[in-house]
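Next up, data_4.csv (CSV, C-alpha atoms):
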```csv
chain,number,residue,atom,x,y,z
A,1,MET,CA,-40.1,-24.7,12.4
A,2,ASN,CA,-37.3,-22.2,13.0
A,3,VAL,CA,-36.8,-19.7,10.1
A,4,THR,CA,-33.8,-17.4,10.2
A,5,LYS,CA,-34.7,-14.0,9.1
A,6,PHE,CA,-32.4,-12.6,6.4
A,7,VAL,CA,-30.8,-9.2,7.3
A,8,PHE,CA,-28.8,-7.5,4.6
A,9,GLY,CA,-25.4,-6.5,5.9
A,10,SER,CA,-25.5,-8.7,9.1
A,11,GLU,CA,-22.0,-9.9,8.1
A,12,LEU,CA,-20.6,-6.4,8.8
A,13,GLN,CA,-21.9,-6.1,12.4
A,14,GLY,CA,-19.9,-6.6,15.5
A,15,ARG,CA,-20.7,-8.9,18.4
A,16,GLY,CA,-21.8,-6.1,20.7
A,17,TYR,CA,-18.9,-6.6,23.1
A,18,ALA,CA,-15.2,-6.9,22.7
A,19,THR,CA,-13.2,-10.0,23.6
A,20,SER,CA,-9.5,-10.0,24.5
A,21,ARG,CA,-8.8,-11.2,21.0
A,22,ASP,CA,-10.8,-8.3,19.5
A,23,LEU,CA,-8.8,-5.8,21.5
A,24,THR,CA,-5.5,-7.4,20.5
A,25,VAL,CA,-6.2,-7.4,16.8
A,26,GLY,CA,-7.9,-4.0,16.9
A,27,PHE,CA,-5.1,-2.2,18.8
A,28,ILE,CA,-2.4,-3.8,16.6
A,29,THR,CA,-4.3,-2.8,13.4
A,30,THR,CA,-4.8,0.8,14.6
A,31,ALA,CA,-1.3,1.2,15.9
A,32,VAL,CA,0.4,-0.1,12.7
A,33,ALA,CA,-2.0,1.8,10.5
A,34,MET,CA,-1.3,5.1,12.3
A,35,THR,CA,2.5,4.4,12.0
A,36,ALA,CA,2.2,3.7,8.3
A,37,LEU,CA,-0.1,6.7,7.8
A,38,THR,CA,2.4,9.0,9.5
A,39,GLY,CA,5.3,7.5,7.5
A,40,ALA,CA,3.4,8.0,4.2
A,41,ILE,CA,2.8,11.7,5.0
A,42,ILE,CA,6.5,12.1,5.7
A,43,ASN,CA,7.4,10.3,2.5
A,44,ILE,CA,5.2,12.6,0.4
A,45,TYR,CA,6.8,15.6,2.1
A,46,LEU,CA,10.3,14.2,1.3
A,47,ILE,CA,9.3,13.6,-2.3
A,48,LYS,CA,8.0,17.2,-2.6
A,49,LYS,CA,11.1,18.8,-0.9
A,50,LEU,CA,14.0,16.8,-2.3
A,51,LYS,CA,15.1,17.6,-5.9
A,52,VAL,CA,16.4,14.1,-6.3
A,53,PHE,CA,12.8,12.8,-6.5
A,54,HIS,CA,11.6,15.6,-8.8
A,55,ASN,CA,11.5,13.1,-11.7
A,56,ALA,CA,9.5,10.2,-13.1
A,57,PHE,CA,10.5,7.9,-10.3
A,58,GLY,CA,9.5,10.4,-7.6
A,59,CYS,CA,6.2,10.9,-9.4
A,60,PHE,CA,5.4,7.2,-9.5
A,61,TRP,CA,6.6,6.6,-5.9
A,62,GLY,CA,4.5,9.5,-4.8
A,63,VAL,CA,1.3,8.1,-6.4
A,64,ARG,CA,2.0,4.7,-5.0
A,65,THR,CA,2.5,6.3,-1.5
A,66,ILE,CA,-0.9,8.0,-1.9
A,67,GLY,CA,-2.4,4.6,-2.6
A,68,GLU,CA,-0.9,3.3,0.6
A,69,LEU,CA,-2.1,6.5,2.4
A,70,GLY,CA,-5.7,5.9,1.4
A,71,ASN,CA,-5.6,2.3,2.6
A,72,ASP,CA,-3.9,3.3,5.8
A,73,THR,CA,-6.7,5.8,6.5
A,74,VAL,CA,-9.4,3.1,6.3
A,75,PHE,CA,-7.4,0.8,8.6
A,76,ALA,CA,-6.6,3.5,11.1
A,77,PHE,CA,-10.0,5.2,11.4
A,78,TYR,CA,-12.5,2.4,10.5
A,79,THR,CA,-11.1,-1.2,10.6
A,80,GLY,CA,-9.1,-0.9,13.8
A,81,PRO,CA,-11.7,1.1,15.8
A,82,ILE,CA,-14.7,-1.0,14.9
A,83,THR,CA,-12.7,-4.2,15.8
A,84,ILE,CA,-12.1,-2.7,19.2
A,85,LEU,CA,-15.7,-1.4,19.7
A,86,GLN,CA,-17.6,-4.2,18.0
A,87,PRO,CA,-20.7,-2.1,17.2
A,88,THR,CA,-23.9,-3.8,16.0
A,89,ASN,CA,-25.4,-0.9,14.1
A,90,ILE,CA,-23.0,-0.4,11.3
A,91,PRO,CA,-24.9,0.8,8.1
A,92,PRO,CA,-24.2,-1.8,5.4
A,93,GLU,CA,-23.8,1.0,2.8
A,94,PHE,CA,-21.0,2.5,4.9
A,95,GLY,CA,-19.2,-0.8,5.3
A,96,ILE,CA,-19.4,-1.5,1.6
A,97,PHE,CA,-18.2,2.1,0.8
A,98,ALA,CA,-15.2,1.6,3.2
A,99,TYR,CA,-14.2,-1.6,1.4
A,100,HIS,CA,-14.4,-0.1,-2.1
A,101,PHE,CA,-12.6,3.1,-1.0
A,102,SER,CA,-9.8,1.0,0.4
A,103,PHE,CA,-9.7,-1.4,-2.5
A,104,PHE,CA,-9.4,1.4,-5.0
A,105,PHE,CA,-6.2,2.6,-3.3
A,106,VAL,CA,-4.9,-1.0,-3.0
A,107,CYS,CA,-5.4,-1.3,-6.8
A,108,VAL,CA,-3.5,2.0,-7.4
A,109,GLN,CA,-0.7,0.9,-5.1
A,110,CYS,CA,-0.4,-2.5,-6.6
A,111,ALA,CA,-0.4,-1.3,-10.2
A,112,MET,CA,2.2,1.4,-9.4
A,113,ASN,CA,4.5,-1.4,-8.3
A,114,LEU,CA,4.5,-2.6,-11.9
A,115,VAL,CA,5.0,0.9,-13.3
A,116,ILE,CA,8.0,1.5,-10.9
A,117,ALA,CA,9.5,-1.8,-12.0
A,118,LEU,CA,9.3,-0.7,-15.6
A,119,ASN,CA,10.8,2.7,-14.6
A,120,ARG,CA,13.8,1.0,-12.9
A,121,PHE,CA,14.2,-1.3,-15.8
A,122,VAL,CA,14.7,1.6,-18.2
A,123,ALA,CA,16.9,3.5,-15.7
A,124,VAL,CA,19.3,0.6,-15.4
A,125,CYS,CA,19.2,-1.0,-18.9
A,126,TYR,CA,18.7,2.2,-21.0
A,127,PRO,CA,19.9,5.1,-19.0
A,128,VAL,CA,20.5,7.3,-22.0
A,129,ARG,CA,16.9,7.0,-23.1
A,130,TYR,CA,15.4,7.3,-19.6
A,131,LYS,CA,14.4,11.0,-19.8
A,132,PHE,CA,13.0,10.5,-23.3
A,133,VAL,CA,10.9,7.4,-22.4
A,134,PHE,CA,9.7,8.8,-19.1
A,135,ASN,CA,8.9,12.4,-20.1
A,136,LYS,CA,6.1,14.4,-18.4
A,137,LYS,CA,3.4,13.3,-20.8
A,138,VAL,CA,4.3,9.6,-20.4
A,139,CYS,CA,4.3,9.9,-16.6
A,140,LEU,CA,0.8,11.6,-16.6
A,141,LEU,CA,-0.5,9.0,-19.0
A,142,ALA,CA,0.8,6.1,-16.8
A,143,VAL,CA,-0.7,7.6,-13.7
A,144,GLY,CA,-4.0,8.3,-15.5
A,145,VAL,CA,-4.2,4.7,-16.8
A,146,VAL,CA,-3.6,3.3,-13.3
A,147,VAL,CA,-6.3,5.5,-11.7
A,148,VAL,CA,-8.9,4.9,-14.4
A,149,GLY,CA,-8.1,1.2,-14.3
A,150,SER,CA,-8.5,1.1,-10.6
A,151,ILE,CA,-11.9,2.9,-10.8
A,152,PHE,CA,-13.0,0.4,-13.4
A,153,VAL,CA,-12.1,-2.6,-11.2
A,154,VAL,CA,-14.2,-1.1,-8.3
A,155,LEU,CA,-17.1,-0.5,-10.7
A,156,LEU,CA,-17.2,-4.2,-11.6
A,157,TYR,CA,-18.7,-4.8,-8.1
A,158,PHE,CA,-21.6,-2.6,-9.1
A,159,ILE,CA,-22.0,-3.8,-12.7
A,160,PHE,CA,-22.3,-7.4,-11.5
A,161,PRO,CA,-24.7,-7.5,-8.6
A,162,CYS,CA,-24.4,-9.5,-5.4
A,163,ASN,CA,-20.6,-9.5,-5.2
A,164,HIS,CA,-19.9,-6.9,-2.5
A,165,LEU,CA,-17.5,-7.4,0.3
A,166,GLY,CA,-17.0,-5.6,3.6
A,167,TYR,CA,-15.0,-5.7,6.7
A,168,SER,CA,-16.3,-7.9,9.5
A,169,PRO,CA,-15.1,-6.9,13.0
A,170,ARG,CA,-16.0,-10.4,14.2
A,171,PHE,CA,-13.8,-12.2,11.7
A,172,TYR,CA,-11.1,-9.6,11.1
A,173,ALA,CA,-11.4,-9.9,7.4
A,174,ASN,CA,-13.3,-8.7,4.4
A,175,VAL,CA,-16.2,-11.1,4.0
A,176,PHE,CA,-18.9,-11.7,1.4
A,177,ILE,CA,-22.2,-9.8,1.9
A,178,LYS,CA,-25.2,-11.9,0.8
A,179,CYS,CA,-27.8,-9.9,-1.2
A,180,ARG,CA,-30.6,-12.3,-0.5
A,181,GLY,CA,-31.2,-15.2,1.9
A,182,ASP,CA,-31.6,-18.0,-0.7
A,183,LEU,CA,-28.2,-17.3,-2.4
A,184,ASP,CA,-26.3,-20.6,-2.7
A,185,ARG,CA,-22.8,-19.2,-2.6
A,186,ASP,CA,-20.7,-17.5,0.1
A,187,TYR,CA,-18.0,-15.8,-1.9
A,188,SER,CA,-17.7,-12.9,-4.4
A,189,GLN,CA,-17.1,-14.0,-7.9
A,190,ILE,CA,-15.6,-10.7,-8.8
A,191,SER,CA,-13.1,-10.8,-6.0
A,192,LYS,CA,-12.1,-14.3,-6.8
A,193,PHE,CA,-11.5,-13.2,-10.4
A,194,VAL,CA,-9.9,-9.8,-9.7
A,195,TYR,CA,-7.5,-11.1,-7.1
A,196,ARG,CA,-6.1,-13.7,-9.4
A,197,ILE,CA,-5.8,-11.3,-12.4
A,198,CYS,CA,-4.0,-8.7,-10.3
A,199,PHE,CA,-1.6,-11.3,-8.9
A,200,SER,CA,-0.8,-12.8,-12.2
A,201,THR,CA,-0.3,-9.4,-14.0
A,202,ALA,CA,1.0,-7.0,-11.4
A,203,CYS,CA,2.9,-9.3,-9.0
A,204,MET,CA,4.2,-11.8,-11.5
A,205,GLY,CA,4.8,-9.2,-14.2
A,206,THR,CA,6.8,-7.1,-11.7
A,207,ALA,CA,8.8,-10.2,-10.7
A,208,VAL,CA,9.7,-10.9,-14.4
A,209,ILE,CA,10.8,-7.3,-15.1
A,210,ASN,CA,12.8,-7.1,-11.8
A,211,SER,CA,14.6,-10.3,-12.8
A,212,ILE,CA,15.7,-8.8,-16.1
A,213,THR,CA,16.8,-5.6,-14.4
A,214,PHE,CA,18.8,-7.6,-11.8
A,215,SER,CA,20.5,-9.6,-14.5
A,216,LYS,CA,21.6,-6.3,-16.1
A,217,ILE,CA,23.0,-5.0,-12.8
A,218,VAL,CA,25.0,-8.2,-12.4
A,219,PHE,CA,26.3,-8.0,-16.0
A,220,ILE,CA,27.4,-4.3,-15.4
A,221,ARG,CA,29.0,-5.3,-12.1
A,222,LEU,CA,31.1,-8.0,-13.8
A,223,SER,CA,31.9,-6.1,-17.1
A,224,SER,CA,32.2,-2.4,-16.2
A,225,ILE,CA,33.3,-1.4,-12.7
A,226,THR,CA,33.4,2.2,-13.8
A,227,THR,CA,29.7,2.3,-14.7
A,228,TYR,CA,28.8,0.3,-11.6
A,229,ASN,CA,30.6,2.8,-9.3
A,230,ASN,CA,28.9,5.8,-11.1
A,231,LYS,CA,26.9,7.9,-8.5
A,232,GLU,CA,23.8,8.0,-10.6
A,233,PHE,CA,23.9,4.3,-11.4
A,234,ARG,CA,24.4,3.3,-7.8
A,235,ARG,CA,21.4,5.5,-6.8
A,236,ASP,CA,19.3,3.7,-9.5
A,237,VAL,CA,20.5,0.3,-8.1
A,238,ARG,CA,19.6,1.4,-4.5
A,239,LEU,CA,16.1,2.5,-5.5
A,240,PHE,CA,15.7,-0.7,-7.5
A,241,THR,CA,16.6,-2.8,-4.4
A,242,LEU,CA,14.1,-1.0,-2.2
A,243,ALA,CA,11.4,-1.5,-4.8
A,244,VAL,CA,12.2,-5.2,-5.2
A,245,VAL,CA,12.1,-5.9,-1.4
A,246,GLN,CA,8.7,-4.2,-1.3
A,247,ASP,CA,7.5,-6.2,-4.3
A,248,ILE,CA,8.5,-9.5,-2.8
A,249,LEU,CA,6.6,-8.7,0.4
A,250,MET,CA,3.5,-7.5,-1.5
A,251,THR,CA,3.6,-10.8,-3.6
A,252,ILE,CA,3.7,-12.9,-0.4
A,253,VAL,CA,0.7,-11.1,1.1
A,254,GLY,CA,-1.2,-11.2,-2.2
A,255,LEU,CA,-0.6,-14.9,-2.4
A,256,VAL,CA,-1.9,-15.4,1.2
A,257,LEU,CA,-5.0,-13.3,0.4
A,258,ILE,CA,-5.7,-15.6,-2.6
A,259,ILE,CA,-5.2,-18.7,-0.6
A,260,THR,CA,-7.4,-17.6,2.3
A,261,ASN,CA,-10.0,-16.0,-0.1
A,262,ASN,CA,-11.5,-13.8,2.6
A,263,ALA,CA,-12.0,-16.8,4.9
A,264,LYS,CA,-13.6,-16.4,8.3
A,265,GLY,CA,-12.2,-17.6,11.6
A,266,LEU,CA,-8.5,-17.1,10.8
A,267,SER,CA,-6.1,-17.1,13.7
A,268,VAL,CA,-4.5,-13.9,14.9
A,269,VAL,CA,-1.3,-14.9,13.1
A,270,GLY,CA,-3.3,-15.6,10.0
A,271,VAL,CA,-5.0,-12.2,10.2
A,272,LEU,CA,-1.6,-10.4,10.6
A,273,PHE,CA,-0.1,-12.2,7.6
A,274,SER,CA,-3.2,-11.8,5.3
A,275,TYR,CA,-5.5,-8.8,5.9
A,276,ASP,CA,-3.3,-6.8,8.2
A,277,GLY,CA,-0.3,-7.8,6.1
A,278,LEU,CA,-1.0,-4.9,3.8
A,279,ILE,CA,-0.4,-2.2,6.5
A,280,PHE,CA,2.7,-4.0,7.8
A,281,ILE,CA,4.1,-3.7,4.3
A,282,TYR,CA,3.1,-0.1,4.0
A,283,ALA,CA,4.8,0.7,7.4
A,284,PHE,CA,7.9,-1.1,6.1
A,285,ASN,CA,7.8,0.8,2.8
A,286,THR,CA,7.7,4.2,4.4
A,287,ALA,CA,10.4,3.3,6.9
A,288,SER,CA,12.7,2.0,4.1
A,289,MET,CA,12.2,5.2,2.0
A,290,MET,CA,13.2,7.4,5.0
A,291,PHE,CA,16.0,5.4,6.4
A,292,CYS,CA,17.6,3.6,3.5
A,293,ASN,CA,18.0,6.7,1.3
A,294,PRO,CA,21.0,8.9,2.3
A,295,GLU,CA,19.3,11.9,0.7
A,296,CYS,CA,16.3,11.4,3.0
A,297,ARG,CA,18.4,10.8,6.0
A,298,ARG,CA,20.5,13.9,5.5
A,299,TYR,CA,17.4,16.1,4.9
A,300,LEU,CA,15.7,14.8,8.0
A,301,SER,CA,18.9,15.1,10.1
A,302,SER,CA,19.4,18.7,8.9
A,303,LYS,CA,15.8,19.5,9.9
A,304,LEU,CA,16.3,18.1,13.3
A,305,ALA,CA,19.7,19.8,13.7
A,306,THR,CA,18.3,23.2,12.8
A,307,SER,CA,15.4,22.8,15.2
A,308,LYS,CA,17.6,22.2,18.2
A,309,PRO,CA,19.5,25.6,18.2
A,310,THR,CA,16.1,27.3,18.0
A,311,VAL,CA,15.0,25.6,21.2
A,312,SER,CA,18.3,26.3,22.9
A,313,THR,CA,18.2,30.0,21.9
A,314,THR,CA,14.7,30.3,23.2
A,315,LEU,CA,15.7,28.8,26.5
A,316,THR,CA,18.8,31.0,26.8
A,317,SER,CA,16.7,34.1,26.1
A,318,GLY,CA,14.3,33.1,28.7
A,319,GLN,CA,17.0,32.5,31.2
A,320,LEU,CA,18.6,35.9,30.5
A,321,ALA,CA,15.3,37.6,30.9
A,322,THR,CA,14.8,35.9,34.3
A,323,SER,CA,18.3,36.9,35.4
A,324,ARG,CA,17.6,40.5,34.6
```

The structure given in the file should be rewritten as structure tokens.
Amino acid sequence: MNVTKFVFGSELQGRGYATSRDLTVGFITTAVAMTALTGAIINIYLIKKLKVFHNAFGCFWGVRTIGELGNDTVFAFYTGPITILQPTNIPPEFGIFAYHFSFFFVCVQCAMNLVIALNRFVAVCYPVRYKFVFNKKVCLLAVGVVVVGSIFVVLLYFIFPCNHLGYSPRFYANVFIKCRGDLDRDYSQISKFVYRICFSTACMGTAVINSITFSKIVFIRLSSITTYNNKEFRRDVRLFTLAVVQDILMTIVGLVLIITNNAKGLSVVGVLFSYDGLIFIYAFNTASMMFCNPECRRYLSSKLATSKPTVSTTLTSGQLATSR
């Protein structure tokens, strides 16, 4: 009689050798994550340097970017590399920690989408009350609630045992980790519950708020061309549009994650649209922030322009010294 010995954390181990598919998924994951990571750092730098973002929106966008940054770090330095290397000696505790570390930042990023949607709603619909509603205390309170709430969600995995997930380099997904051999389920009850709650509140709530804000923009466009052409209003509309596009992409990926439910054996395309879909969105988010905002484009262009004369001056000085 063959009895399979139960080994805790075996789901997190690699196959011991890398296939061509492992290398493809691993290198794509690492490359996109590094791109998104670099973009997130530049975004935080722009938020810090540009006065136009020294407000409630900039605060919320910065916190959301930090959420993306934390997740990008896990993808770039853990998920991608172990998919390429396929090690067989990954400590289960380390794999579990990597998942919870990443999931905390995902929760922060997802919840901040809802906060940003509320921020844009007030900016467009009640511009006179904007600074009163989103004062410093309210901003700090909102960020605090999001961070504490995200910590609470992660703690649920420890309060209710045998629900941990971790990344499997063999299946390119977060998979359920069995706590004992005789367990009769192969899924995390907490994840199944949390994913649906997050989707229905954050994603759907954001969609409803954005719909109301969009309706107000259309109304202003049809009723008051002077208000619509106002510089501040057009900036609010532009930032709203960027947020909406990102919210739509996040909703699509969230829906795919719910449907696949951390399934094993997805195709490469399935992986890219579900698990890796997060970092593709993050890369898009950072790029849209840098290139779709004229303030950011001007600042980056000015930095590049001021660096070129410095190089030219150095070369000229070197040439003069040589000629002498």

Exercise. How far is it from CA of Asn119 in chain A to CA of Met250 in chain A, in Å with one decimal?
Worked result: 18.1 Å

What are the nearest atom pairs, with distances in Å to one decimal, for all residues of range 17-117 of chain A that come at most 12 Å from range 126-133 of chain A, using all atoms listed in the file, set out by chain and rising residue number as CSV?
```
residue,atom,partner,partner_atom,distance
A:Asn55,CA,A:Lys131,CA,8.9
A:Ala56,CA,A:Lys131,CA,8.3
A:Phe57,CA,A:Tyr130,CA,10.5
```

Writing out the chosen residues with C-alpha atoms as a tab-separated table (two decimals), keeping the file's coordinate frame:
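Output file part_24.tsv follows:
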```tsv
chain	number	residue	atom	x	y	z
A	55	ASN	CA	11.50	13.10	-11.70
A	56	ALA	CA	9.50	10.20	-13.10
A	57	PHE	CA	10.50	7.90	-10.30
```

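Neighbours of range 180-190 of chain A closer than or equal to 7 Å, with only C-alpha atoms counted and sequence neighbours fewer than 3 positions away skipped, come out as A:Phe6, A:Tyr157, A:Asn163, A:His164, A:Phe176, A:Phe193, A:Val194.
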
Exercise. Looking at only C-alpha atoms, which of A:Ser10, A:Ser150, A:Asn230, A:Thr251 is the one that sits closest to Thr88 in chain A?
Worked result: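 Closest residue, counting only C-alpha atoms: A:Ser10.
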
For this session: With all atoms listed in the file counted, which protein, DNA or RNA residues have an atom no more than 10 Å from (-14.9, -11.3, 16.0) in the file frame? Please answer as a PyMOL selection string.
Result: chain A and resi 13-19+21-23+25+83-84+86+168-173+264-265

Residue list as a PDB file with C-alpha atoms, in the coordinates of the input for point (3.6, 2.1, -6.1), cut-off 6 Å, all atoms listed in the file:
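point-v5.pdb, written as the output of this step:
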```pdb
ATOM      1  CA  TRP A  61       6.600   6.600  -5.900  1.00  0.00           C
ATOM      2  CA  ARG A  64       2.000   4.700  -5.000  1.00  0.00           C
ATOM      3  CA  GLN A 109      -0.700   0.900  -5.100  1.00  0.00           C
ATOM      4  CA  MET A 112       2.200   1.400  -9.400  1.00  0.00           C
ATOM      5  CA  ASN A 113       4.500  -1.400  -8.300  1.00  0.00           C
TER       6      ASN A 113
END
```

Problem set entry | For Arg235 in chain A, the nearest of the candidates A:Ile177, A:Val148, A:Leu304, A:Val124, counting all atoms listed in the file | A:Val124

Problem set entry | Closest of A:Ser224, A:Gly254, A:Leu85, A:Lys136 to Ser20 in chain A - atom-to-atom distances counting only C-alpha atoms |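 Of all the options, A:Leu85 lies closest to Ser20 in chain A.
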
Problem set entry | Polymer residues at most 10 Å from Tyr99 in chain A, all atoms listed in the file, same-chain spacing of 5 or more positions, as JSON, numbers by chain | {"A": [71, 74, 79, 94, 104, 154, 164, 165, 166, 167, 174]}

Export C-alpha atoms of the chosen residues as a PDB file, in the coordinates of the input?
```
ATOM      1  CA  ASN A  71      -5.600   2.300   2.600  1.00  0.00           C
ATOM      2  CA  VAL A  74      -9.400   3.100   6.300  1.00  0.00           C
ATOM      3  CA  THR A  79     -11.100  -1.200  10.600  1.00  0.00           C
ATOM      4  CA  PHE A  94     -21.000   2.500   4.900  1.00  0.00           C
ATOM      5  CA  PHE A 104      -9.400   1.400  -5.000  1.00  0.00           C
ATOM      6  CA  VAL A 154     -14.200  -1.100  -8.300  1.00  0.00           C
ATOM      7  CA  HIS A 164     -19.900  -6.900  -2.500  1.00  0.00           C
ATOM      8  CA  LEU A 165     -17.500  -7.400   0.300  1.00  0.00           C
ATOM      9  CA  GLY A 166     -17.000  -5.600   3.600  1.00  0.00           C
ATOM     10  CA  TYR A 167     -15.000  -5.700   6.700  1.00  0.00           C
ATOM     11  CA  ASN A 174     -13.300  -8.700   4.400  1.00  0.00           C
TER      12      ASN A 174
END
```

For this session: Have a look at CA of Leu239 in chain A and CA of Ala117 in chain A and let me know their distance in Å, one decimal.
Result: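 According to the coordinates, CA of Leu239 in chain A and CA of Ala117 in chain A are separated by 10.2 Å.
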
Exercise. In Å to one decimal, how far is CA of Arg238 in chain A from CA of Asn293 in chain A?
Worked result: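 So the answer is 8.0 Å.
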